[in-house]
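This is final_27.txt. It holds compact mmCIF, C-alpha atoms.
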```txt
# COMPACT_ATOMS: atom_id res chain seq x y z
CA MET I 1 -130.68 -80.30 23.11
CA ALA I 2 -128.94 -82.05 25.96
CA ASN I 3 -128.93 -78.98 28.12
CA ARG I 4 -132.54 -78.21 27.47
CA LEU I 5 -133.51 -81.75 28.26
CA SER I 6 -131.51 -81.86 31.44
CA VAL I 7 -133.13 -78.64 32.62
CA PHE I 8 -136.70 -79.72 32.03
CA GLY I 9 -136.14 -83.43 32.47
CA GLY I 10 -138.40 -86.10 31.09
CA ALA I 11 -141.46 -83.88 31.26
CA VAL I 12 -140.39 -82.36 27.96
CA VAL I 13 -140.12 -85.75 26.31
CA VAL I 14 -143.44 -86.88 27.76
CA MET I 15 -145.20 -83.72 26.65
CA PHE I 16 -143.60 -83.90 23.25
CA LEU I 17 -144.67 -87.49 22.75
CA ALA I 18 -148.16 -86.74 24.09
CA LEU I 19 -148.68 -83.67 21.93
CA THR I 20 -147.53 -85.30 18.73
CA GLY I 21 -149.66 -88.38 19.34
CA PRO I 22 -148.66 -92.03 19.18
CA GLY I 23 -148.59 -92.21 15.39
CA LEU I 24 -146.40 -89.17 14.96
CA ALA I 25 -144.18 -89.35 18.04
CA GLN I 26 -140.72 -87.93 17.49
CA THR I 27 -137.51 -89.49 18.63
CA ILE I 28 -134.47 -88.04 20.36
CA SER I 29 -130.85 -89.21 20.06
CA TYR I 30 -129.73 -92.19 22.13
CA ALA I 31 -127.40 -89.85 24.00
CA ASP I 32 -130.21 -87.44 24.86
CA ALA I 33 -132.52 -90.33 25.77
CA VAL I 34 -130.18 -91.85 28.34
CA THR I 35 -129.17 -88.40 29.59
CA VAL I 36 -132.80 -87.73 30.54
CA LEU I 37 -132.92 -91.18 32.08
CA ALA I 38 -129.82 -90.47 34.16
CA ASP I 39 -131.16 -87.05 35.18
CA ASP I 40 -134.63 -88.21 36.17
CA CYS I 41 -133.82 -91.71 37.43
CA GLY I 42 -130.21 -91.37 38.62
CA ALA I 43 -131.16 -91.03 42.28
CA ASP I 44 -133.55 -93.99 42.10
CA ILE I 45 -130.96 -96.09 40.27
CA LYS I 46 -128.43 -95.34 43.01
CA LYS I 47 -130.99 -96.21 45.68
CA TYR I 48 -132.67 -99.30 44.24
CA CYS I 49 -130.48 -100.62 41.41
CA ARG I 50 -126.90 -100.59 42.69
CA GLY I 51 -124.59 -102.89 40.79
CA LEU I 52 -127.02 -103.23 37.90
CA ASN I 53 -126.19 -102.23 34.37
CA LEU I 54 -127.63 -100.33 31.45
CA GLY I 55 -127.33 -103.42 29.27
CA ASN I 56 -129.58 -106.49 29.23
CA ASN I 57 -132.54 -104.41 30.48
CA GLU I 58 -131.18 -104.59 34.04
CA ILE I 59 -131.87 -100.94 34.89
CA ARG I 60 -135.21 -100.92 33.10
CA ASN I 61 -136.38 -104.09 34.84
CA CYS I 62 -135.17 -102.85 38.21
CA LEU I 63 -136.97 -99.51 37.89
CA GLU I 64 -140.15 -101.21 36.73
CA GLN I 65 -140.01 -103.74 39.55
CA ASN I 66 -139.55 -100.92 42.05
CA GLN I 67 -142.19 -98.70 40.48
CA ALA I 68 -144.01 -98.27 43.78
CA LYS I 69 -140.88 -96.68 45.26
CA VAL I 70 -139.27 -94.78 42.39
CA SER I 71 -140.32 -91.20 41.61
CA PRO I 72 -143.28 -90.74 39.24
CA THR I 73 -141.08 -88.54 37.04
CA CYS I 74 -138.61 -91.38 36.67
CA THR I 75 -141.35 -93.85 35.81
CA SER I 76 -142.79 -91.66 33.06
CA THR I 77 -139.32 -90.77 31.75
CA LEU I 78 -138.36 -94.42 31.57
CA ALA I 79 -141.46 -95.22 29.54
CA SER I 80 -140.90 -92.39 27.06
CA VAL I 81 -137.17 -93.12 26.77
CA VAL I 82 -137.87 -96.76 25.97
CA VAL I 83 -140.37 -95.70 23.29
CA SER I 84 -137.98 -93.17 21.77
CA ILE I 85 -135.03 -95.58 21.62
CA GLN I 86 -137.20 -98.31 20.11
CA ARG I 87 -138.69 -96.01 17.51
CA ARG I 88 -135.29 -94.66 16.49
CA LEU I 89 -133.82 -98.17 16.24
CA GLU I 90 -136.69 -99.24 14.00
CA ALA I 91 -136.37 -96.13 11.83
CA GLN I 92 -132.60 -96.52 11.43
CA ALA I 93 -133.01 -100.16 10.48
CA SER I 94 -135.73 -99.46 7.91
CA VAL I 95 -134.94 -96.06 6.39
CA PHE I 96 -133.31 -97.36 3.23
CA LYS I 97 -136.12 -99.85 2.66
CA VAL I 98 -138.88 -97.33 3.30
CA CYS I 99 -137.16 -94.79 1.04
CA ALA I 100 -135.98 -97.26 -1.62
CA GLY I 101 -138.60 -96.23 -4.20
CA ARG I 102 -137.95 -92.51 -3.75
CA ALA I 103 -134.19 -93.03 -3.81
CA LYS I 104 -134.42 -94.91 -7.08
CA GLN I 105 -136.57 -92.16 -8.54
CA LEU I 106 -134.90 -89.08 -7.10
CA CYS I 107 -131.28 -90.13 -6.57
CA LYS I 108 -130.42 -91.89 -9.83
CA GLY I 109 -126.81 -92.99 -10.01
CA VAL I 110 -126.16 -92.12 -6.34
CA VAL I 111 -124.25 -94.95 -4.68
CA GLY I 112 -123.83 -95.77 -1.01
CA GLU I 113 -126.05 -95.15 2.01
CA VAL I 114 -124.28 -91.97 3.06
CA HIS I 115 -124.76 -90.35 -0.34
CA ILE I 116 -128.28 -91.62 -0.86
CA LEU I 117 -129.21 -90.18 2.52
CA GLN I 118 -127.64 -86.83 1.61
CA CYS I 119 -129.66 -86.85 -1.60
CA LEU I 120 -132.93 -87.72 0.17
CA VAL I 121 -132.42 -85.01 2.76
CA LYS I 122 -132.16 -82.50 -0.09
CA THR I 123 -135.30 -83.83 -1.79
CA GLU I 124 -137.34 -83.70 1.44
CA ARG I 125 -140.21 -81.80 -0.19
CA ILE I 126 -140.98 -84.71 -2.52
CA ASP I 127 -139.81 -87.71 -0.47
CA GLY I 128 -143.28 -88.52 0.78
CA GLU I 129 -144.58 -88.80 4.31
CA LYS I 130 -143.30 -92.26 5.21
CA CYS I 131 -139.79 -91.75 3.92
CA ASN I 132 -139.55 -88.35 5.58
CA GLN I 133 -140.85 -89.70 8.88
CA ALA I 134 -138.30 -92.54 8.78
CA ILE I 135 -135.38 -90.15 8.14
CA THR I 136 -136.58 -87.84 10.90
CA ASP I 137 -137.12 -90.68 13.39
CA ALA I 138 -133.69 -92.07 12.53
CA GLY I 139 -132.20 -88.71 13.52
CA TRP I 140 -130.45 -88.40 10.19
CA ARG I 141 -131.50 -84.93 9.01
CA MET F 1 -110.61 -97.06 45.74
CA PHE F 2 -108.98 -98.54 42.70
CA VAL F 3 -110.09 -98.36 39.13
CA ARG F 4 -113.10 -96.13 39.38
CA GLY F 5 -113.48 -95.57 35.73
CA PHE F 6 -112.22 -95.75 32.22
CA ARG F 7 -111.18 -92.66 30.41
CA TYR F 8 -111.46 -92.59 26.65
CA GLY F 9 -109.59 -90.06 24.54
CA LEU F 10 -109.57 -89.15 20.91
CA THR F 11 -105.99 -88.08 21.12
CA LEU F 12 -103.88 -87.07 24.06
CA ALA F 13 -104.39 -83.45 23.07
CA PHE F 14 -108.15 -83.81 22.99
CA MET F 15 -108.21 -85.55 26.34
CA LEU F 16 -106.08 -82.91 27.97
CA ALA F 17 -108.27 -80.17 26.57
CA ALA F 18 -111.42 -81.93 27.72
CA GLY F 19 -109.99 -82.80 31.11
CA ALA F 20 -108.58 -79.37 31.80
CA ALA F 21 -111.65 -77.38 30.91
CA GLY F 22 -114.15 -80.02 31.93
CA ALA F 23 -116.47 -78.16 29.61
CA GLN F 24 -115.65 -79.52 26.20
CA GLN F 25 -118.31 -82.08 25.55
CA LEU F 26 -117.87 -85.15 23.47
CA SER F 27 -120.27 -85.28 20.54
CA ASP F 28 -121.38 -88.02 18.19
CA LYS F 29 -119.92 -85.91 15.36
CA GLN F 30 -116.46 -86.15 16.94
CA LEU F 31 -116.92 -89.88 17.34
CA ILE F 32 -118.00 -90.34 13.73
CA ALA F 33 -115.19 -88.15 12.38
CA SER F 34 -112.39 -89.83 14.31
CA LEU F 35 -113.64 -93.41 14.05
CA GLY F 36 -114.29 -93.06 10.33
CA GLN F 37 -110.71 -92.17 9.39
CA VAL F 38 -109.99 -95.51 7.81
CA THR F 39 -106.87 -95.96 5.70
CA GLN F 40 -106.23 -98.51 2.99
CA VAL F 41 -103.15 -99.90 4.70
CA ALA F 42 -104.74 -100.63 8.07
CA PRO F 43 -103.21 -103.72 9.70
CA VAL F 44 -105.34 -106.81 10.30
CA VAL F 45 -105.84 -107.28 14.03
CA ASP F 46 -105.87 -110.76 15.56
CA VAL F 47 -107.76 -110.42 18.85
CA GLY F 48 -106.63 -113.88 20.01
CA LEU F 49 -103.02 -112.73 19.79
CA LEU F 50 -103.82 -109.53 21.70
CA ILE F 51 -105.27 -111.63 24.53
CA GLN F 52 -102.25 -113.97 24.49
CA GLU F 53 -99.85 -111.06 24.66
CA VAL F 54 -101.57 -109.34 27.55
CA ASN F 55 -102.04 -112.55 29.55
CA ALA F 56 -98.34 -113.35 29.18
CA ASN F 57 -97.25 -109.86 30.26
CA VAL F 58 -99.38 -108.92 33.26
CA GLY F 59 -97.60 -106.18 35.20
CA GLN F 60 -94.99 -105.68 32.46
CA GLY F 61 -96.87 -103.60 29.91
CA VAL F 62 -97.91 -104.39 26.33
CA ALA F 63 -97.49 -101.11 24.45
CA ASN F 64 -94.33 -102.28 22.65
CA LEU F 65 -95.45 -105.81 21.85
CA PRO F 66 -96.07 -106.63 18.18
CA ASN F 67 -99.87 -106.99 18.22
CA TRP F 68 -100.74 -104.24 20.70
CA SER F 69 -98.39 -101.71 19.13
CA GLN F 70 -100.02 -102.00 15.72
CA LEU F 71 -103.36 -100.77 17.11
CA ALA F 72 -101.93 -97.24 17.19
CA SER F 73 -102.26 -96.94 13.42
CA LEU F 74 -106.01 -97.60 13.40
CA ALA F 75 -108.83 -95.03 13.55
CA GLN F 76 -109.74 -94.71 17.20
CA LEU F 77 -111.11 -92.65 20.01
CA ALA F 78 -111.03 -92.81 23.79
CA VAL F 79 -113.54 -91.44 26.27
CA GLU F 80 -114.13 -91.61 29.98
CA ILE F 81 -116.78 -93.92 31.34
CA ASP F 82 -117.20 -94.14 35.11
CA PHE F 83 -118.21 -97.23 37.00
CA GLU F 84 -119.35 -97.89 40.54
CA ASN F 85 -116.34 -98.59 42.72
CA ASP F 86 -114.79 -101.99 41.95
CA SER F 87 -117.94 -102.91 40.02
CA ILE F 88 -118.99 -103.39 36.41
CA ALA F 89 -122.06 -101.16 36.85
CA ILE F 90 -121.79 -98.05 34.65
CA GLU F 91 -122.52 -94.83 36.59
CA PRO F 92 -125.68 -93.03 35.40
CA ALA F 93 -123.46 -89.97 34.82
CA SER F 94 -121.76 -91.94 32.02
CA TYR F 95 -124.94 -93.16 30.31
CA ARG F 96 -124.71 -90.19 27.96
CA THR F 97 -121.30 -91.32 26.71
CA ILE F 98 -122.68 -94.79 25.99
CA GLY F 99 -125.58 -93.15 24.15
CA LEU F 100 -123.20 -91.03 22.08
CA ILE F 101 -121.28 -94.14 21.08
CA ALA F 102 -124.57 -95.82 20.12
CA ASP F 103 -125.57 -92.78 18.03
CA ALA F 104 -122.20 -92.91 16.25
CA LEU F 105 -122.14 -96.67 15.66
CA HIS F 106 -125.61 -96.58 14.07
CA ASP F 107 -124.71 -93.71 11.76
CA PRO F 108 -124.52 -94.69 8.05
CA ARG F 109 -120.88 -93.52 8.04
CA LEU F 110 -119.87 -96.08 10.68
CA ARG F 111 -122.50 -98.78 10.82
CA HIS F 112 -120.77 -101.21 8.50
CA TYR F 113 -117.55 -101.25 10.49
CA LYS F 114 -116.41 -103.57 13.24
CA PHE F 115 -114.95 -102.11 16.45
CA LEU F 116 -112.68 -103.22 19.23
CA VAL F 117 -113.71 -102.01 22.70
CA VAL F 118 -110.59 -101.94 24.88
CA GLY F 119 -110.90 -101.36 28.64
CA HIS F 120 -107.97 -99.77 30.48
CA THR F 121 -107.34 -99.12 34.18
CA ASN F 122 -104.64 -97.12 35.92
CA ALA F 123 -101.99 -98.90 37.99
CA THR F 124 -103.71 -98.63 41.38
CA GLY F 125 -104.33 -102.09 42.81
CA LYS F 126 -103.11 -105.45 41.60
CA ALA F 127 -102.30 -105.86 37.92
CA GLU F 128 -104.17 -109.19 37.68
CA HIS F 129 -107.28 -107.72 39.26
CA ASN F 130 -107.09 -104.70 36.98
CA LEU F 131 -106.85 -106.90 33.91
CA GLU F 132 -109.90 -108.91 34.94
CA LEU F 133 -111.93 -105.83 35.91
CA SER F 134 -111.08 -104.05 32.65
CA MET F 135 -112.25 -107.07 30.69
CA LYS F 136 -115.54 -107.25 32.59
CA ARG F 137 -116.11 -103.52 32.19
CA ALA F 138 -115.42 -103.66 28.46
CA ASN F 139 -117.97 -106.50 28.31
CA ALA F 140 -120.51 -104.38 30.23
CA ILE F 141 -120.09 -101.56 27.72
CA MET F 142 -120.49 -103.98 24.85
CA ALA F 143 -123.62 -105.44 26.48
CA ALA F 144 -125.18 -101.97 26.83
CA LEU F 145 -124.46 -101.21 23.18
CA THR F 146 -125.69 -104.54 21.82
CA THR F 147 -128.82 -104.90 23.97
CA THR F 148 -130.15 -101.45 24.92
CA PHE F 149 -129.07 -99.96 21.60
CA SER F 150 -129.15 -103.05 19.35
CA VAL F 151 -125.68 -102.57 17.86
CA PRO F 152 -125.02 -105.92 16.12
CA ALA F 153 -122.94 -108.12 18.45
CA SER F 154 -120.92 -109.21 15.43
CA HIS F 155 -119.71 -105.61 15.05
CA LEU F 156 -118.06 -105.39 18.48
CA ILE F 157 -115.26 -107.23 20.26
CA ALA F 158 -114.65 -106.41 23.93
CA ILE F 159 -111.21 -106.87 25.42
CA GLY F 160 -109.46 -105.74 28.61
CA VAL F 161 -105.84 -104.68 28.92
CA GLY F 162 -105.85 -103.61 32.59
CA GLN F 163 -103.00 -101.25 33.45
CA GLU F 164 -100.70 -102.58 30.73
CA MET F 165 -101.01 -99.77 28.18
CA PRO F 166 -101.07 -96.46 30.06
CA LEU F 167 -101.64 -93.21 28.22
CA ASP F 168 -99.32 -91.53 30.70
CA ALA F 169 -96.55 -94.10 31.18
CA THR F 170 -94.46 -91.88 33.45
CA ASN F 171 -97.38 -91.63 35.86
CA PRO F 172 -99.06 -95.05 35.79
CA LYS F 173 -101.51 -94.19 38.56
CA ALA F 174 -102.83 -91.13 36.72
CA ALA F 175 -106.61 -91.02 36.31
CA ALA F 176 -106.08 -90.31 32.59
CA ASN F 177 -104.96 -93.91 32.19
CA ARG F 178 -108.47 -95.15 32.97
CA ARG F 179 -110.23 -95.19 29.65
CA VAL F 180 -111.89 -97.30 27.02
CA GLN F 181 -110.66 -97.14 23.47
CA LEU F 182 -112.91 -97.73 20.50
CA ILE F 183 -110.84 -98.90 17.56
CA ASN F 184 -112.09 -99.33 13.99
CA LEU F 185 -111.15 -102.81 12.74
CA GLY F 186 -112.45 -102.27 9.21
CA VAL F 187 -115.59 -103.33 7.41
CA ALA F 188 -117.57 -106.05 9.24
CA ASN F 189 -118.12 -109.26 7.32
```
What is this structure when it is put down as structure tokens?
Amino acid sequence: MANRLSVFGGAVVVMFLALTGPGLAQTISYADAVTVLADDCGADIKKYCRGLNLGNNEIRNCLEQNQAKVSPTCTSTLASVVVSIQRRLEAQASVFKVCAGRAKQLCKGVVGEVHILQCLVKTERIDGEKCNQAITDAGWR
Amino acid sequence: MFVRGFRYGLTLAFMLAAGAAGAQQLSDKQLIASLGQVTQVAPVVDVGLLIQEVNANVGQGVANLPNWSQLASLAQLAVEIDFENDSIAIEPASYRTIGLIADALHDPRLRHYKFLVVGHTNATGKAEHNLELSMKRANAIMAALTTTFSVPASHLIAIGVGQEMPLDATNPKAAANRRVQLINLGVAN
């Protein structure tokens, strides 16, 4: 995944998100997300954001503030990376709530998040759309 | 040109393998597997005492002191993260490593644990400066994890140990000594 992404850069992410539509957008791992960011925005970060950090939105703010100067590829990558990270964070935080009903029904007696998740991955066919989407977006298949 | 980066290693063997080939890539699976090896008899770590010990022993090493030495028995992993020269800004080339750590820390197998983030430098430059820089860099890593990737701040403690606990003690200026350790402190309250 990482290699593919680094070859094609953010265009792949952008296309992927565009093709699947806003409601069904897929997520990529945090590692892949920031790898695309580094690949497509690394030069601009070095040029315009020296001394700034990944944390506290410093890089994001800097790239957005310098949008007129940074490469269009970087700008679109940044936007899609932010969306992907946000969507994955939300999915990871909500998976066990979204899937609670199915887990109770399909994974009786299964204790602990790790095991419940293993169970739900096996019952994918009958987990329902929302639960399946949450597990997929969380990156936990 | 001092202290360009931290180097994290799972074990010395893993680091040597990764460093020699330059091809073996760290994965979130490795992170999850090594950081999840929690034992029942894990010692309770007092971070205040770690800070006291290192502050009282700048330039003299801490590996054999009571609080620092007990960290060796905890589930841990070390990787390399590069920074701009004499700065706390993480190099874009190391964003992926931060992302891998974020992937691992959010995984159901690890997300209820608390971790110590320990920044190390090699022995190039002044020991006091190295201690301070390692602390700031550990804080920068923690900030990236807790803000960009929303890892709960209560699940991480950042601490710097400068050049005081080299991986390669016979060669204190070795690049391998620059690293950040992630250490599992047990279930977060």
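The spacing separating atom CA of F:His129 from atom CA of F:Gln70 amounts to 25.3 Å.
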Which protein, DNA or RNA residues have an atom at most 10 Å from (-134.5, -90.1, 1.3), counting only C-alpha atoms? List them as a ChimeraX atom specification.
/I:95-104,106-107,113,115-124,126-128,130-135,140-141
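The nearest approach to I:Gly55 among the residues F:Leu110, F:Ile159, F:Leu182, F:Ile141, with all atoms listed in the file taken into account, belongs to F:Ile141.
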So that each row is one residue of chain I with an atom at most 8 Å from chain F, can you give its shortest atom pair and the distance in Å to one decimal, using only C-alpha atoms, rows by chain and rising number, as JSON lines?
```
{"residue": "I:Ser29", "atom": "CA", "partner": "F:Asp103", "partner_atom": "CA", "distance": 6.7}
{"residue": "I:Tyr30", "atom": "CA", "partner": "F:Gly99", "partner_atom": "CA", "distance": 4.7}
{"residue": "I:Ala31", "atom": "CA", "partner": "F:Gly99", "partner_atom": "CA", "distance": 3.8}
{"residue": "I:Asp32", "atom": "CA", "partner": "F:Arg96", "partner_atom": "CA", "distance": 6.9}
{"residue": "I:Ala33", "atom": "CA", "partner": "F:Gly99", "partner_atom": "CA", "distance": 7.7}
{"residue": "I:Val34", "atom": "CA", "partner": "F:Arg96", "partner_atom": "CA", "distance": 5.7}
{"residue": "I:Thr35", "atom": "CA", "partner": "F:Arg96", "partner_atom": "CA", "distance": 5.1}
{"residue": "I:Ala38", "atom": "CA", "partner": "F:Pro92", "partner_atom": "CA", "distance": 5.0}
{"residue": "I:Gly42", "atom": "CA", "partner": "F:Pro92", "partner_atom": "CA", "distance": 5.8}
{"residue": "I:Ile45", "atom": "CA", "partner": "F:Pro92", "partner_atom": "CA", "distance": 7.8}
{"residue": "I:Arg50", "atom": "CA", "partner": "F:Ala89", "partner_atom": "CA", "distance": 7.6}
{"residue": "I:Gly51", "atom": "CA", "partner": "F:Ala89", "partner_atom": "CA", "distance": 5.0}
{"residue": "I:Leu52", "atom": "CA", "partner": "F:Ala89", "partner_atom": "CA", "distance": 5.5}
{"residue": "I:Asn53", "atom": "CA", "partner": "F:Ala89", "partner_atom": "CA", "distance": 4.9}
{"residue": "I:Leu54", "atom": "CA", "partner": "F:Ala144", "partner_atom": "CA", "distance": 5.5}
{"residue": "I:Gly55", "atom": "CA", "partner": "F:Ala144", "partner_atom": "CA", "distance": 3.6}
{"residue": "I:Asn56", "atom": "CA", "partner": "F:Thr147", "partner_atom": "CA", "distance": 5.5}
{"residue": "I:Asn57", "atom": "CA", "partner": "F:Thr148", "partner_atom": "CA", "distance": 6.7}
{"residue": "I:Ile85", "atom": "CA", "partner": "F:Phe149", "partner_atom": "CA", "distance": 7.4}
{"residue": "I:Leu89", "atom": "CA", "partner": "F:Phe149", "partner_atom": "CA", "distance": 7.4}
{"residue": "I:Gln92", "atom": "CA", "partner": "F:His106", "partner_atom": "CA", "distance": 7.5}
{"residue": "I:Glu113", "atom": "CA", "partner": "F:Pro108", "partner_atom": "CA", "distance": 6.2}
{"residue": "I:Val114", "atom": "CA", "partner": "F:Pro108", "partner_atom": "CA", "distance": 5.7}
{"residue": "I:Trp140", "atom": "CA", "partner": "F:Asp107", "partner_atom": "CA", "distance": 8.0}
```
Go ahead and write the residues just picked, C-alpha atoms, as an mmCIF file, in the frame of the given file.
```
data_model
loop_
_atom_site.group_PDB
_atom_site.id
_atom_site.type_symbol
_atom_site.label_atom_id
_atom_site.label_comp_id
_atom_site.auth_asym_id
_atom_site.auth_seq_id
_atom_site.Cartn_x
_atom_site.Cartn_y
_atom_site.Cartn_z
ATOM 1 C CA SER I 29 -130.850 -89.210 20.060
ATOM 2 C CA TYR I 30 -129.730 -92.190 22.130
ATOM 3 C CA ALA I 31 -127.400 -89.850 24.000
ATOM 4 C CA ASP I 32 -130.210 -87.440 24.860
ATOM 5 C CA ALA I 33 -132.520 -90.330 25.770
ATOM 6 C CA VAL I 34 -130.180 -91.850 28.340
ATOM 7 C CA THR I 35 -129.170 -88.400 29.590
ATOM 8 C CA ALA I 38 -129.820 -90.470 34.160
ATOM 9 C CA GLY I 42 -130.210 -91.370 38.620
ATOM 10 C CA ILE I 45 -130.960 -96.090 40.270
ATOM 11 C CA ARG I 50 -126.900 -100.590 42.690
ATOM 12 C CA GLY I 51 -124.590 -102.890 40.790
ATOM 13 C CA LEU I 52 -127.020 -103.230 37.900
ATOM 14 C CA ASN I 53 -126.190 -102.230 34.370
ATOM 15 C CA LEU I 54 -127.630 -100.330 31.450
ATOM 16 C CA GLY I 55 -127.330 -103.420 29.270
ATOM 17 C CA ASN I 56 -129.580 -106.490 29.230
ATOM 18 C CA ASN I 57 -132.540 -104.410 30.480
ATOM 19 C CA ILE I 85 -135.030 -95.580 21.620
ATOM 20 C CA LEU I 89 -133.820 -98.170 16.240
ATOM 21 C CA GLN I 92 -132.600 -96.520 11.430
ATOM 22 C CA GLU I 113 -126.050 -95.150 2.010
ATOM 23 C CA VAL I 114 -124.280 -91.970 3.060
ATOM 24 C CA TRP I 140 -130.450 -88.400 10.190
#
```
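Taking atom CA of F:Leu185 and atom CA of F:Phe115 as endpoints, the distance between them is 5.4 Å.
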